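Novice: A single structure is presented below for examination.
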Amino acid sequence: MAVRAVAGRFISCIHNNELLLCHRSIVGRTRRSSSTQAVEEPRPIASRTVITNPSHHTSDHIGSWYTLEPNTVKRLFGHGGIPKPYRTLCDAFFESSLMVRQPALSTIDYIKRSNLNLPPNKFMLYGNNGVGKTISLVHITHFLAEDGWVLVHVPVPSQWRRVFKEVVPSATNPDQYDHTRDSVMWLQHFRSQNTELLKSLQLETSEHYTWTQREATEVGQPLMTLADFGISRARFASDCVTAIIKELKQCASQDRCKVAVVIDGINSLFCPTSRYRLEDLTYLPPDRFTIFRAFLSLLQSDWKNGVIVGTIDKRDNEGERRKSYLPRYLLRQKGWEALDPFIPIPVVDYDEVEMRSAINYYLDRGWLQSPHSGSDVGRKELAALSNHNPLTFMEICKSI
Amino acid sequence: MSEIWLRQVYRGVQGFRLHTAASLASEINPAEEEFRTLELKTVRQEKRTMRDRKKTPILPPRYKRQKLDQNWGNVWPTARTFHPATVPFPVRQGYPATGQPTPDKWGNAELMKIPNFLHLTPPVIKQQCEVLKKFCTPWPAGLETPAKQEKHFPATVSTSSYLHSSPSLRDDRARIVTMKVSLKSLELDDHGRDKLLRLVKDHHDPKTDTLTLVADRCPLSTQNRDYCTYLLTVLYTEAMKTEPWEHEKNVADYERYVWEGSRSEAAARALFNARDDSPSEDVLTEYAKVVTELHNEGEDDSSVSRYRESVLKLVGLT
């Protein structure tokens with residue numbers, strides 16, 4: 001096979017006198033030996049597992065890559081959840097794969113063994129920048145979805161504090177402020193994740209909600225009508241979020257469903273500053289946002305059949321409070337009192353096995369172009385340059 | 001140009017012979033018929049040799065002649081400037097130039113500038129102490145150990161005295177008095193200790209648990225010493241008193257985290273009581289200990305992992 005031209009992901013090659021357009025992943029890298037014969041270099045194969053259901057992952061699979069189906073990715077993370085740089089890589093590789101690592105496996109194991117009659121257990125992943133907290137959370141969220149939990153997933157709560165679309169004073173409660181479009185987006189996300197499950201569980205509203213003189217949600221309506229209403233009427237979207245959360249808590253307490261709350265950057269809910277300016281030019285404290293209050297009510301211990309999984313990330317705090325990655329410092333007194341007692345799960349940099357697996361995966365996907373990447377010296381260099389940090393490793397491999 | 005003038009001008013020139021009418025007129029020597037060369041430059045035929053100067057022999061450094069078991073106290077009896085040839089060991093000092101090792105002891109100004117204590121080696125000190133012993137009184141009985149000394153003499157007062165060999169003997173710094181007291185000896189209760197620490201702030205050293213009072217406001221050291229005593233008395237009595245407004249102290253003012261009565265206790269107890277497999281009270285006490293330690297001793301990875309273990313036991317996940 002003679003390789004002729006490279007055009008993006010596709011390589012035109014002549015094979016058996018036919019012109020073919022092949023995906024570059026199929027074509028092996030070739031090198032010319034002294035006799036100008038093209039010789040195929042063996043490409044390392046990534047350590048993969050075919051098990052796509054995270055509840056069947058065990059410690060034997062640590063370091064292996066498992067692939068999420070495209071439908072699952074679209075359903076669960078179509079409106080957020082996977083960080084953008086990672087999503088870009090997944091698009092380049094034509095697959096969404098994650099490495100199976102210990103923190104996610106431990107959390108999944110604890111969730112499986114949790115006593116659901118007690119108030120919800122709280123599992124908080126913490127660690128330095130770029131160690132893989134959010135990706136571990138993606139793994140755990142996939143498990144929760146497969147295991148039949150109703151997902152209440154907040155991908156980026158700090159966005160509601162910093163880069164919100166629109167904040168208006170609440171119509172129903174004079175003390176509160178609503179996020180109109182952000183609530184709509186969250187409701188769309190909730191709907192995308194939970195449509196099938198809520199249909200099968202047949203959860204219904206237990207209260208009558210009067211929105212306006214002509215619009216109301218009756219008792220006994222499917223729960224998704226609240227979400228649909230909120231999406232169609234942005235003005236009431238935040239109140240719909242509050243209503244859905246209240247209903248879910250009630251259903252869970254009545255043993256009708258199990259609810260998993262997944263918040264990526266939970267310490268953002270306890271920050272004292274937001275960027276919304278009031279008329280008197282002071283900044284609004286975020287505990288007056290309707291949706292913040294709604295999600296904070298989920299952290300209380302007055303319900304059961306639940307689990308709360310989150311990450312404590314220093315980038316979700318304001319700039320002055322980022323000196324340490326440890327949970328008590330980042331959560332502050334308010335956050336600590338809201339979450340205590342919780343189970344902090346440390347996430348650390350890659351160890352040797354995981355580092356090897358990550359390099360093999362990039363080589364397998366053809367992402368590392370330099371011919372020395374796979375050699376012993378190259379691997380050591382990559383490990384040293386990235387200091388075994390997953391994010392740094394991803395950043396440096398962009399240009400190799 | 002007269003002959004006399006010419007002779008004057010060319011008087012220094014060797015081989016100059018004036019060819020004048022007079023000489024022409026006299027009998028000409030056939031050998032002198034040749035044209036004489038004008039030598040302007042004189043070349044000295046012999047070079048004077050320099051006198052042989054006596055070369056002083058460079059002796060080997062003194063330390064090479066020193067025995068290994070010599071009495072060092074005799075070699076270096078008093079404080080003196082560092083002398084490399086007398087000091088028998090290699091020592092380097094100073095910032096090295098690029099690519100060079102640290103400068104050695106030979107001609108090292110840095111070593112010569114600084115005080116060296118080569119005159120006070122342990123054997124020399126021991127010898128001097130033996131001599132001084134006859135001027136000393138015995139150590140008081142009953143004060144052998146530091147604990148006993150602390151018990152009988154808990155407060156230490158230090159002053160420095162200065163002597164000048166100048167028109168005035170006096171030094172202003174001699175009035176400064178420092179008093180050090182260990183807080184253990186004051187026997188304060190929790191409230192008293194907390195109040196005293198708030199009053200003294202930086203004067204307390206938490207590592208050694210000592211209070212240091214420095215007085216220099218009076219002109220005489222005896223007056224400053226009395227002032228220190230007065231200050232200590234006032235601090236102690238104030239610490240022992242409880243003012244009526246002290247009941248306004250709330251959780252935010254507490255100097256240490258107290259688990260009892262906190263929200264952490266309420267949440268933990270609620271969880272503990274909700275469990276139907278009747279766990280032991282040890283789980284709660286361990287949790288209380290770990291949370292208190294996390295807040296009071298500071299947070300790090302090990303204290304967070306201990307917290308994790310205790311919460312796992314609390315929720316029944318071990």
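If you're wondering about the labels, chains in the structure tokens are A, B, ... by order shown, residues count from 1 in each chain, ligands from 1 in order shown.
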Per residue of chain A within 8 Å of chain B, which atom pair is closest and at what distance in Å (one decimal), using only C-alpha atoms, listed by chain and increasing number, as CSV?

Specialist:
```
residue,atom,partner,partner_atom,distance
A:Tyr110,CA,B:Leu317,CA,6.8
A:Arg113,CA,B:Leu317,CA,6.9
A:Ser114,CA,B:Leu317,CA,6.8
A:Asn115,CA,B:Gly316,CA,7.9
A:Leu118,CA,B:Ala274,CA,6.2
A:Pro119,CA,B:Leu271,CA,7.1
A:Asn121,CA,B:Val315,CA,7.6
A:Leu326,CA,B:Asp300,CA,7.0
A:Arg328,CA,B:Glu299,CA,7.3
A:Tyr329,CA,B:Glu299,CA,7.9
A:Glu337,CA,B:Arg263,CA,6.3
A:Asp340,CA,B:Ser264,CA,6.2
A:Pro341,CA,B:Val311,CA,6.4
A:Phe342,CA,B:Val311,CA,6.7
A:Ile343,CA,B:Arg308,CA,5.2
A:Pro344,CA,B:Arg308,CA,5.8
A:Ile345,CA,B:Arg308,CA,7.7
```

Novice: Only C-alpha atoms, please: the residues just picked out, written as a PDB file, in the first residue's frame.

Specialist:
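Below you can see selection-v7.pdb, which holds the result:
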```pdb
ATOM      1  CA  TYR A 110     -19.417   2.486  47.922  1.00  0.00           C
ATOM      2  CA  ARG A 113     -23.029  -0.966  49.108  1.00  0.00           C
ATOM      3  CA  SER A 114     -24.764   2.149  50.495  1.00  0.00           C
ATOM      4  CA  ASN A 115     -27.715   1.770  52.817  1.00  0.00           C
ATOM      5  CA  LEU A 118     -30.260   6.360  55.612  1.00  0.00           C
ATOM      6  CA  PRO A 119     -29.912  10.003  54.550  1.00  0.00           C
ATOM      7  CA  ASN A 121     -24.245   9.442  51.391  1.00  0.00           C
ATOM      8  CA  LEU A 326      -8.076  20.286  50.300  1.00  0.00           C
ATOM      9  CA  ARG A 328     -12.210  21.997  54.266  1.00  0.00           C
ATOM     10  CA  TYR A 329     -10.333  24.997  52.924  1.00  0.00           C
ATOM     11  CA  GLU A 337     -21.557  22.380  57.658  1.00  0.00           C
ATOM     12  CA  ASP A 340     -20.557  17.154  56.812  1.00  0.00           C
ATOM     13  CA  PRO A 341     -20.348  14.147  57.233  1.00  0.00           C
ATOM     14  CA  PHE A 342     -19.157  13.349  53.710  1.00  0.00           C
ATOM     15  CA  ILE A 343     -16.649  10.917  52.262  1.00  0.00           C
ATOM     16  CA  PRO A 344     -13.744  12.721  50.592  1.00  0.00           C
ATOM     17  CA  ILE A 345     -12.186  10.607  47.840  1.00  0.00           C
TER      18      ILE A 345
END
```

Novice: Env of Trp160 (chain A): 10 Å cut, atoms = only C-alpha atoms, seq-sep filter 6 positions within chain, self excluded. Answer as a ChimeraX atom specification.

Specialist: /A:166-167,179,182-183,268-269,274-276,286,289,291-292

Novice: Take the residues just selected and output them with N, CA, C and O atoms as a PDB file, in the first residue's frame.

Specialist:
```pdb
ATOM      1  N   GLU A 166     -28.773  35.134  31.977  1.00  0.00           N
ATOM      2  CA  GLU A 166     -29.682  36.211  32.373  1.00  0.00           C
ATOM      3  C   GLU A 166     -30.183  35.942  33.771  1.00  0.00           C
ATOM      4  O   GLU A 166     -30.616  34.833  34.072  1.00  0.00           O
ATOM      5  N   VAL A 167     -30.151  36.975  34.599  1.00  0.00           N
ATOM      6  CA  VAL A 167     -30.680  36.858  35.959  1.00  0.00           C
ATOM      7  C   VAL A 167     -31.719  37.940  36.148  1.00  0.00           C
ATOM      8  O   VAL A 167     -31.466  39.107  35.831  1.00  0.00           O
ATOM      9  N   HIS A 179     -32.527  32.467  37.324  1.00  0.00           N
ATOM     10  CA  HIS A 179     -31.770  32.360  36.063  1.00  0.00           C
ATOM     11  C   HIS A 179     -32.753  31.856  35.029  1.00  0.00           C
ATOM     12  O   HIS A 179     -33.198  30.726  35.110  1.00  0.00           O
ATOM     13  N   ASP A 182     -30.561  29.913  31.855  1.00  0.00           N
ATOM     14  CA  ASP A 182     -29.740  28.832  32.423  1.00  0.00           C
ATOM     15  C   ASP A 182     -30.622  27.716  32.983  1.00  0.00           C
ATOM     16  O   ASP A 182     -30.294  26.537  32.878  1.00  0.00           O
ATOM     17  N   SER A 183     -31.757  28.105  33.570  1.00  0.00           N
ATOM     18  CA  SER A 183     -32.666  27.082  34.095  1.00  0.00           C
ATOM     19  C   SER A 183     -33.260  26.275  32.956  1.00  0.00           C
ATOM     20  O   SER A 183     -33.434  25.055  33.076  1.00  0.00           O
ATOM     21  N   SER A 268     -18.600  25.597  44.548  1.00  0.00           N
ATOM     22  CA  SER A 268     -19.075  26.849  43.966  1.00  0.00           C
ATOM     23  C   SER A 268     -20.400  27.279  44.576  1.00  0.00           C
ATOM     24  O   SER A 268     -20.714  28.473  44.613  1.00  0.00           O
ATOM     25  N   LEU A 269     -21.178  26.310  45.067  1.00  0.00           N
ATOM     26  CA  LEU A 269     -22.472  26.643  45.667  1.00  0.00           C
ATOM     27  C   LEU A 269     -22.305  27.420  46.966  1.00  0.00           C
ATOM     28  O   LEU A 269     -23.265  28.029  47.443  1.00  0.00           O
ATOM     29  N   SER A 274     -20.930  36.703  43.489  1.00  0.00           N
ATOM     30  CA  SER A 274     -21.382  36.419  42.137  1.00  0.00           C
ATOM     31  C   SER A 274     -21.157  37.683  41.316  1.00  0.00           C
ATOM     32  O   SER A 274     -20.778  38.718  41.851  1.00  0.00           O
ATOM     33  N   ARG A 275     -21.403  37.593  39.994  1.00  0.00           N
ATOM     34  CA  ARG A 275     -21.142  38.761  39.154  1.00  0.00           C
ATOM     35  C   ARG A 275     -22.403  39.551  38.846  1.00  0.00           C
ATOM     36  O   ARG A 275     -22.363  40.473  38.047  1.00  0.00           O
ATOM     37  N   TYR A 276     -23.496  39.188  39.481  1.00  0.00           N
ATOM     38  CA  TYR A 276     -24.737  39.910  39.189  1.00  0.00           C
ATOM     39  C   TYR A 276     -24.810  41.152  40.051  1.00  0.00           C
ATOM     40  O   TYR A 276     -24.745  41.086  41.272  1.00  0.00           O
ATOM     41  N   PRO A 286     -24.635  34.696  46.084  1.00  0.00           N
ATOM     42  CA  PRO A 286     -25.307  33.659  45.296  1.00  0.00           C
ATOM     43  C   PRO A 286     -26.329  32.826  46.073  1.00  0.00           C
ATOM     44  O   PRO A 286     -27.110  32.112  45.454  1.00  0.00           O
ATOM     45  N   PHE A 289     -29.871  33.124  44.800  1.00  0.00           N
ATOM     46  CA  PHE A 289     -30.344  32.599  43.521  1.00  0.00           C
ATOM     47  C   PHE A 289     -31.316  31.464  43.792  1.00  0.00           C
ATOM     48  O   PHE A 289     -31.043  30.584  44.611  1.00  0.00           O
ATOM     49  N   ILE A 291     -32.106  28.843  41.918  1.00  0.00           N
ATOM     50  CA  ILE A 291     -31.628  27.493  41.610  1.00  0.00           C
ATOM     51  C   ILE A 291     -30.539  27.059  42.591  1.00  0.00           C
ATOM     52  O   ILE A 291     -30.428  25.880  42.915  1.00  0.00           O
ATOM     53  N   PHE A 292     -29.770  28.004  43.113  1.00  0.00           N
ATOM     54  CA  PHE A 292     -28.792  27.646  44.141  1.00  0.00           C
ATOM     55  C   PHE A 292     -29.511  27.104  45.364  1.00  0.00           C
ATOM     56  O   PHE A 292     -29.122  26.084  45.933  1.00  0.00           O
TER      57      PHE A 292
END
```

Novice: Find the residues around Arg379 (chain A) up to 10 Å (only C-alpha atoms counted), leave out those fewer than 5 positions away in its own chain, and share them as a count of residues only.

Specialist: 9

Novice: Can you list every residue in region 82-177 of chain B that DSSP puts in strand (DSSP E), as an MDAnalysis selection string?

Specialist: chainID B and resid 155:159 177

Novice: So that I have them on file, write out the residues from the current selection with all heavy atoms, as a short mmCIF file (atom, residue, chain, number, x, y, z; two decimals), in the first residue's frame.

Specialist:
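What follows is the written file result_39.cif:
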```
data_model
loop_
_atom_site.label_atom_id
_atom_site.label_comp_id
_atom_site.auth_asym_id
_atom_site.auth_seq_id
_atom_site.Cartn_x
_atom_site.Cartn_y
_atom_site.Cartn_z
N ALA B 155 10.49 31.96 86.73
CA ALA B 155 10.69 33.19 85.96
C ALA B 155 12.18 33.46 85.81
O ALA B 155 12.96 33.28 86.75
CB ALA B 155 10.01 34.36 86.64
N THR B 156 12.60 33.89 84.62
CA THR B 156 14.01 34.20 84.35
C THR B 156 14.09 35.67 83.99
O THR B 156 13.35 36.14 83.12
CB THR B 156 14.52 33.37 83.16
OG1 THR B 156 14.01 32.07 83.26
CG2 THR B 156 16.02 33.35 83.11
N VAL B 157 15.00 36.39 84.65
CA VAL B 157 15.18 37.80 84.34
C VAL B 157 16.57 37.97 83.76
O VAL B 157 17.55 37.52 84.36
CB VAL B 157 15.04 38.67 85.61
CG1 VAL B 157 15.32 40.12 85.29
CG2 VAL B 157 13.65 38.52 86.18
N SER B 158 16.68 38.57 82.58
CA SER B 158 18.02 38.76 82.00
C SER B 158 18.25 40.24 81.70
O SER B 158 17.37 40.94 81.21
CB SER B 158 18.20 37.94 80.73
OG SER B 158 17.01 37.43 80.27
N THR B 159 19.48 40.64 82.02
CA THR B 159 19.93 41.99 81.64
C THR B 159 21.31 41.86 81.05
O THR B 159 22.01 40.89 81.32
CB THR B 159 20.03 42.93 82.87
OG1 THR B 159 20.66 42.20 83.92
CG2 THR B 159 18.70 43.43 83.33
N VAL B 177 15.47 45.12 80.38
CA VAL B 177 15.29 43.92 81.20
C VAL B 177 14.30 43.00 80.49
O VAL B 177 13.26 43.44 80.04
CB VAL B 177 14.73 44.32 82.59
CG1 VAL B 177 14.32 43.09 83.37
CG2 VAL B 177 15.77 45.11 83.36
#
```

Novice: Can you list, as a list in words, every protein, DNA or RNA residue that comes within 9 Å of Tyr236 (chain B) when you count only C-alpha atoms, leaving out same-chain residues fewer than 2 positions away?

Specialist: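 Once the nearby chain positions are removed, what remains is Leu186, Leu188, Gly192, Leu196, Leu231, Leu232, Thr233, Val234, Glu238, Ala239, Met240 and Lys241 of chain B.
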
Novice: Write a file of the just-selected residues containing N, CA, C and O atoms, as a short mmCIF file (atom, residue, chain, number, x, y, z; two decimals), in the first residue's frame.

Specialist:
```
data_model
loop_
_atom_site.label_atom_id
_atom_site.label_comp_id
_atom_site.auth_asym_id
_atom_site.auth_seq_id
_atom_site.Cartn_x
_atom_site.Cartn_y
_atom_site.Cartn_z
N LEU B 186 2.14 29.23 85.82
CA LEU B 186 1.12 30.18 86.29
C LEU B 186 -0.16 29.48 86.73
O LEU B 186 -0.98 30.08 87.41
N LEU B 188 -3.05 28.44 85.23
CA LEU B 188 -4.30 29.09 84.85
C LEU B 188 -5.29 28.04 84.37
O LEU B 188 -4.90 27.01 83.84
N GLY B 192 -8.73 31.40 81.87
CA GLY B 192 -7.64 32.30 82.22
C GLY B 192 -6.55 32.27 81.17
O GLY B 192 -6.01 33.30 80.76
N LEU B 196 -5.41 35.35 78.89
CA LEU B 196 -4.01 35.82 78.95
C LEU B 196 -3.39 35.83 77.56
O LEU B 196 -2.70 36.78 77.17
N LEU B 231 3.87 44.13 85.60
CA LEU B 231 3.14 43.75 84.38
C LEU B 231 2.65 42.31 84.48
O LEU B 231 1.51 41.99 84.15
N LEU B 232 3.49 41.45 84.98
CA LEU B 232 3.12 40.03 85.12
C LEU B 232 1.96 39.89 86.10
O LEU B 232 1.01 39.14 85.87
N THR B 233 2.03 40.66 87.20
CA THR B 233 0.96 40.60 88.21
C THR B 233 -0.36 41.03 87.61
O THR B 233 -1.39 40.37 87.80
N VAL B 234 -0.31 42.12 86.86
CA VAL B 234 -1.54 42.66 86.26
C VAL B 234 -2.12 41.66 85.26
O VAL B 234 -3.32 41.39 85.26
N GLU B 238 -5.81 39.97 85.77
CA GLU B 238 -6.83 40.21 84.75
C GLU B 238 -7.31 38.92 84.11
O GLU B 238 -8.49 38.76 83.81
N ALA B 239 -6.38 38.00 83.90
CA ALA B 239 -6.74 36.72 83.29
C ALA B 239 -7.65 35.91 84.22
O ALA B 239 -8.55 35.22 83.77
N MET B 240 -7.42 36.02 85.50
CA MET B 240 -8.24 35.24 86.46
C MET B 240 -9.63 35.84 86.60
O MET B 240 -10.56 35.16 86.98
N LYS B 241 -9.79 37.12 86.28
CA LYS B 241 -11.11 37.75 86.41
C LYS B 241 -11.99 37.39 85.24
O LYS B 241 -11.51 37.15 84.13
#
```

Novice: Got a sec: who's within 12 Å of Thr72 (chain A), counting only C-alpha atoms, leaving out chain neighbours fewer than 2 positions off, as a ChimeraX atom specification?

Specialist: /A:52-53,67-70,74-78,95-97,138-139,141-143,145-146,192-194

Novice: Let's have the selection written as a PDB file, in the first residue's frame, with C-alpha atoms.

Specialist:
```
ATOM      1  CA  THR A  52     -19.310  -0.933  28.616  1.00  0.00           C
ATOM      2  CA  ASN A  53     -21.395  -1.154  31.774  1.00  0.00           C
ATOM      3  CA  THR A  67     -15.739   3.240  25.287  1.00  0.00           C
ATOM      4  CA  LEU A  68     -19.027   5.027  25.843  1.00  0.00           C
ATOM      5  CA  GLU A  69     -21.608   4.505  23.145  1.00  0.00           C
ATOM      6  CA  PRO A  70     -22.404   7.636  21.124  1.00  0.00           C
ATOM      7  CA  LYS A  74     -25.528  12.297  23.591  1.00  0.00           C
ATOM      8  CA  ARG A  75     -28.225  11.383  26.077  1.00  0.00           C
ATOM      9  CA  LEU A  76     -26.255  11.852  29.266  1.00  0.00           C
ATOM     10  CA  PHE A  77     -23.768  14.559  28.345  1.00  0.00           C
ATOM     11  CA  GLY A  78     -25.342  16.260  25.369  1.00  0.00           C
ATOM     12  CA  GLU A  95     -14.924   7.584  20.064  1.00  0.00           C
ATOM     13  CA  SER A  96     -15.564   8.659  23.665  1.00  0.00           C
ATOM     14  CA  SER A  97     -13.306   6.558  25.832  1.00  0.00           C
ATOM     15  CA  VAL A 138     -18.345  11.108  34.067  1.00  0.00           C
ATOM     16  CA  HIS A 139     -17.581   7.453  34.751  1.00  0.00           C
ATOM     17  CA  THR A 141     -22.538   9.330  36.222  1.00  0.00           C
ATOM     18  CA  HIS A 142     -22.591   6.671  33.523  1.00  0.00           C
ATOM     19  CA  PHE A 143     -22.782   4.006  36.208  1.00  0.00           C
ATOM     20  CA  ALA A 145     -27.567   6.125  34.722  1.00  0.00           C
ATOM     21  CA  GLU A 146     -27.078   2.436  33.884  1.00  0.00           C
ATOM     22  CA  SER A 192     -32.426  14.433  27.960  1.00  0.00           C
ATOM     23  CA  GLN A 193     -30.939  12.336  30.775  1.00  0.00           C
ATOM     24  CA  ASN A 194     -34.131  11.103  32.440  1.00  0.00           C
TER      25      ASN A 194
END
```

Novice: Mind checking DSSP for region 101-332 of chain A and telling me the helix (DSSP H, G or I) residues as a PyMOL selection string?

Specialist: chain A and resi 102-113+133-146+157-162+180-201+224-232+234-253+266-270+286-288+290-298+314-316+319-321+327-332
